[in-house]
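Engineer: Take this structure, written in structure tokens, and hold onto it; I'll ask about it next.
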Amino acid sequence: MSFLLYFLLLILVPLWAQMKVKSTYSKYSRVPVSTGITGAQSARRILDENGLPHVKVVETRGFLSDHYNPMTKTVHLSPNNYHGHSIAAAAVAAHEVGHAIQDKEGYAFLRFRHALVPVANIGSNLSWIFIMIGLFTSMTGAFMIGIILMAAAVLFQLVTLPVEFNASSRAMDQIVSSGIIRNTEEREARKVLNAAAMTYVAAAAVAVLELARLIFIFTGMQRSEE
């Protein structure tokens, strides 16, 4: 693979995913949900119906900054989704509640991802230090350490995929069974969730691609030493 093609993939794939999720979200944030309830109300209803009355739903700052905090047992919704009456708001809120349900049930991939957080943070912060040392000094040992550290961060990205897809699947089940959206609105809600999932797929693809490139460089360094 040429350097130019690699560089384009590295830049364009995540950019395309971000544009996709923003355009899809923007479109369906203007489509009101037929039941007229807000994202916050949707989240509260699903939480209560799944035996999670202790999980709080709060408003957080930022655009699409929605997330679930397993430490504080809190669903954080961005302003548009907290107050919004749209299909997009309902879908995003339900997705974050999906993570809360995963937490309650001890979903294996979610627990594994939580365990990987400190390792992934160390890997993403230190990997390039060892990689650059290895490149400039031709020390294959340092380069290998960098690859191992980066592999931990890549593993985190890969484990994130089933966590996010499962949360989206749960979200679709919940917003339909709870009567938050009508059957005719399922297609639109699914589009929002699928677009959001593509950002995680793109991030994982880029991470794997970068790791593969470094392994290829490492193999070349070893051959040059022979």
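By order in the structure tokens, chains are A, B, ...; within a chain, residues start at 1; ligands start at 1, following the order shown.
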Pull the closest atom pair for each residue of stretch 44-142 of chain A that gets at most 7 Å from stretch 20-31 of chain A, along with the distance in Å to one decimal, counting only C-alpha atoms, ordering rows by chain and then ascending residue number, as a tab-separated table.
Structural biologist:
residue	atom	partner	partner_atom	distance
A:Ser86	CA	A:Ser29	CA	5.1
A:Ile87	CA	A:Tyr28	CA	5.9
A:Ala88	CA	A:Ser29	CA	4.9
A:Ala89	CA	A:Ser29	CA	6.6
Engineer: What's around stretch 90-97 of chain A at 9 Å? Count only C-alpha atoms, leave out sequence neighbours fewer than 6 positions away in its own chain, and write the answer as JSON, numbers by chain.
Structural biologist: {"A": [33, 37, 38, 39, 40, 41, 42, 43, 44, 46, 47, 64, 66, 67, 68, 75, 76, 77, 81, 82, 84, 164, 167, 168, 169, 170, 171, 172, 174, 175, 180, 181, 189, 190, 192, 193, 196]}
Engineer: What would the file look like if the residues just selected were written as a CSV table (one decimal), in the first residue's frame with N, CA and C atoms?
Structural biologist:
chain,number,residue,atom,x,y,z
A,33,VAL,N,-40.8,12.7,17.2
A,33,VAL,CA,-41.3,11.4,17.6
A,33,VAL,C,-42.8,11.5,17.8
A,37,ILE,N,-42.5,12.6,23.5
A,37,ILE,CA,-41.8,12.6,24.7
A,37,ILE,C,-40.3,13.0,24.4
A,38,THR,N,-39.6,13.5,25.4
A,38,THR,CA,-38.2,13.9,25.2
A,38,THR,C,-37.3,12.7,25.4
A,39,GLY,N,-36.0,13.0,25.0
A,39,GLY,CA,-35.0,12.0,25.2
A,39,GLY,C,-34.8,11.6,26.6
A,40,ALA,N,-34.9,12.6,27.5
A,40,ALA,CA,-34.8,12.4,28.9
A,40,ALA,C,-35.9,11.5,29.5
A,41,GLN,N,-37.1,11.8,29.0
A,41,GLN,CA,-38.3,11.0,29.4
A,41,GLN,C,-38.2,9.6,28.9
A,42,SER,N,-37.7,9.5,27.7
A,42,SER,CA,-37.5,8.1,27.1
A,42,SER,C,-36.5,7.3,27.9
A,43,ALA,N,-35.4,7.9,28.2
A,43,ALA,CA,-34.4,7.2,29.1
A,43,ALA,C,-35.0,6.8,30.4
A,44,ARG,N,-35.7,7.7,31.0
A,44,ARG,CA,-36.3,7.5,32.3
A,44,ARG,C,-37.3,6.3,32.3
A,46,ILE,N,-37.4,3.8,30.1
A,46,ILE,CA,-36.7,2.5,29.8
A,46,ILE,C,-36.0,2.0,31.1
A,47,LEU,N,-35.3,3.0,31.8
A,47,LEU,CA,-34.6,2.6,33.0
A,47,LEU,C,-35.6,2.0,34.0
A,64,LEU,N,-23.5,15.8,20.9
A,64,LEU,CA,-23.4,14.4,20.9
A,64,LEU,C,-22.4,13.9,21.9
A,66,ASP,N,-23.3,12.4,24.6
A,66,ASP,CA,-24.0,11.4,25.4
A,66,ASP,C,-23.2,10.2,25.8
A,67,HIS,N,-23.4,9.8,27.0
A,67,HIS,CA,-22.6,8.6,27.5
A,67,HIS,C,-23.3,8.1,28.8
A,68,TYR,N,-22.9,6.9,29.1
A,68,TYR,CA,-23.3,6.3,30.4
A,68,TYR,C,-22.1,6.1,31.2
A,75,VAL,N,-26.8,8.3,33.3
A,75,VAL,CA,-26.9,8.5,31.9
A,75,VAL,C,-26.8,9.9,31.6
A,76,HIS,N,-25.8,10.3,30.8
A,76,HIS,CA,-25.6,11.7,30.5
A,76,HIS,C,-26.1,12.0,29.0
A,77,LEU,N,-27.0,12.9,28.9
A,77,LEU,CA,-27.5,13.3,27.6
A,77,LEU,C,-27.2,14.7,27.2
A,81,ASN,N,-30.5,16.1,23.0
A,81,ASN,CA,-31.2,14.8,23.2
A,81,ASN,C,-31.9,14.8,24.5
A,82,TYR,N,-31.5,15.6,25.5
A,82,TYR,CA,-32.1,15.6,26.8
A,82,TYR,C,-33.5,16.3,26.6
A,84,GLY,N,-34.9,17.3,23.5
A,84,GLY,CA,-35.5,17.1,22.2
A,84,GLY,C,-36.6,16.1,22.2
A,164,GLU,N,-21.0,-1.6,21.6
A,164,GLU,CA,-21.8,-0.5,21.0
A,164,GLU,C,-23.0,-1.1,20.2
A,167,ALA,N,-25.6,-2.5,22.5
A,167,ALA,CA,-26.4,-1.4,23.1
A,167,ALA,C,-27.4,-0.9,22.1
A,168,SER,N,-27.0,-0.8,20.9
A,168,SER,CA,-28.0,-0.3,19.8
A,168,SER,C,-29.1,-1.3,19.6
A,169,SER,N,-28.8,-2.6,19.7
A,169,SER,CA,-29.8,-3.6,19.5
A,169,SER,C,-30.8,-3.6,20.7
A,170,ARG,N,-30.2,-3.4,21.9
A,170,ARG,CA,-31.1,-3.3,23.0
A,170,ARG,C,-32.0,-2.0,22.9
A,171,ALA,N,-31.4,-0.9,22.4
A,171,ALA,CA,-32.1,0.3,22.3
A,171,ALA,C,-33.3,0.2,21.4
A,172,MET,N,-33.1,-0.5,20.2
A,172,MET,CA,-34.2,-0.7,19.3
A,172,MET,C,-35.4,-1.5,20.0
A,174,GLN,N,-36.0,-1.7,23.1
A,174,GLN,CA,-36.7,-1.0,24.2
A,174,GLN,C,-37.6,0.1,23.7
A,175,ILE,N,-37.1,0.9,22.7
A,175,ILE,CA,-38.0,2.0,22.3
A,175,ILE,C,-39.3,1.6,21.6
A,180,ILE,N,-42.3,4.0,22.9
A,180,ILE,CA,-41.7,5.4,22.7
A,180,ILE,C,-41.8,5.8,21.2
A,181,ILE,N,-41.6,4.8,20.3
A,181,ILE,CA,-41.8,5.1,18.9
A,181,ILE,C,-42.8,4.1,18.3
A,189,ALA,N,-35.1,5.4,13.3
A,189,ALA,CA,-34.4,5.3,14.6
A,189,ALA,C,-33.1,4.4,14.3
A,190,ARG,N,-33.3,3.3,13.5
A,190,ARG,CA,-32.2,2.4,13.2
A,190,ARG,C,-31.1,3.1,12.4
A,192,VAL,N,-30.3,6.2,12.6
A,192,VAL,CA,-29.5,7.1,13.6
A,192,VAL,C,-28.5,6.2,14.3
A,193,LEU,N,-28.9,5.0,14.8
A,193,LEU,CA,-28.0,4.2,15.6
A,193,LEU,C,-26.9,3.6,14.7
A,196,ALA,N,-24.2,6.2,14.0
A,196,ALA,CA,-23.4,6.3,15.1
A,196,ALA,C,-22.4,5.2,15.3
Engineer: Name the residues of stretch 56-151 of chain A that come out as helix (DSSP H, G or I) in a backbone DSSP run; write them as a VMD selection string.
Structural biologist: chain A and resid 79 to 83 87 to 105 108 to 137 140 to 151
Engineer: I need the residues of stretch 11-186 of chain A that end up classed as strand (DSSP E) by DSSP on the backbone, written out as a VMD selection string.
Structural biologist: chain A and resid 56 to 59 67 to 69 74 to 77
Engineer: So that I can see what lies close to A:Pro14, please list as a PyMOL selection string the residues with an atom at most 7 Å from it, counting only C-alpha atoms and leaving out residues fewer than 4 positions away in the same chain.
Structural biologist: chain A and resi 18+199+202-203
Engineer: Could you write out the selected residues, including N, CA and C atoms, as a PDB file, in the first residue's frame?
Structural biologist:
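As written to disk, again_20.pdb reads:
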ATOM      1  N   GLN A  18     -17.680  10.525  10.608  1.00  0.00           N
ATOM      2  CA  GLN A  18     -18.169  11.673  11.374  1.00  0.00           C
ATOM      3  C   GLN A  18     -19.215  12.451  10.589  1.00  0.00           C
ATOM      4  N   THR A 199     -18.959   5.271  13.408  1.00  0.00           N
ATOM      5  CA  THR A 199     -17.808   5.999  13.938  1.00  0.00           C
ATOM      6  C   THR A 199     -16.884   5.047  14.698  1.00  0.00           C
ATOM      7  N   ALA A 202     -15.120   2.802  12.083  1.00  0.00           N
ATOM      8  CA  ALA A 202     -14.055   3.545  11.419  1.00  0.00           C
ATOM      9  C   ALA A 202     -12.832   3.672  12.323  1.00  0.00           C
ATOM     10  N   ALA A 203     -13.068   3.983  13.592  1.00  0.00           N
ATOM     11  CA  ALA A 203     -11.958   4.129  14.540  1.00  0.00           C
ATOM     12  C   ALA A 203     -11.200   2.816  14.698  1.00  0.00           C
TER      13      ALA A 203
END
Engineer: If I take atom CA of A:Met132 and atom CA of A:Val117, how far is one from the other in Å, to one decimal?
Structural biologist: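 Atom CA of A:Val117 lies 23.6 Å from atom CA of A:Met132.
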Engineer: Pick out the closest residue to A:Leu161 from this set: A:Val58, A:Ala204, A:Leu52, A:Leu211. Count only C-alpha atoms.
Structural biologist: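 Closest to A:Leu161 of all the choices is A:Ala204.
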Engineer: Would you please work out which residue, of A:Ala142, A:Leu149, A:Ala100, A:Val55, is nearest to A:Asn125 when using only C-alpha atoms?
Structural biologist: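 Among A:Ala142, A:Leu149, A:Ala100, A:Val55, it is A:Leu149 that comes nearest to A:Asn125.
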Engineer: Could you tell me how far atom CA of A:Phe165 sits from atom CA of A:Gly51, in Å to one decimal place?
Structural biologist: 22.0 Å
Engineer: Neighbours of A:Pro162 within 9 Å (only C-alpha atoms; same-chain residues fewer than 4 positions away dropped), as a VMD selection string?
Structural biologist: chain A and resid 109 to 110 158 166 to 167
Engineer: Could you check the closest approach to A:Leu135 for each of A:Leu8, A:Ile217, A:Val57, A:Met150 and tell me which residue wins, using only C-alpha atoms?
Structural biologist: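 Checking each candidate against A:Leu135, we get A:Ile217 as the closest.
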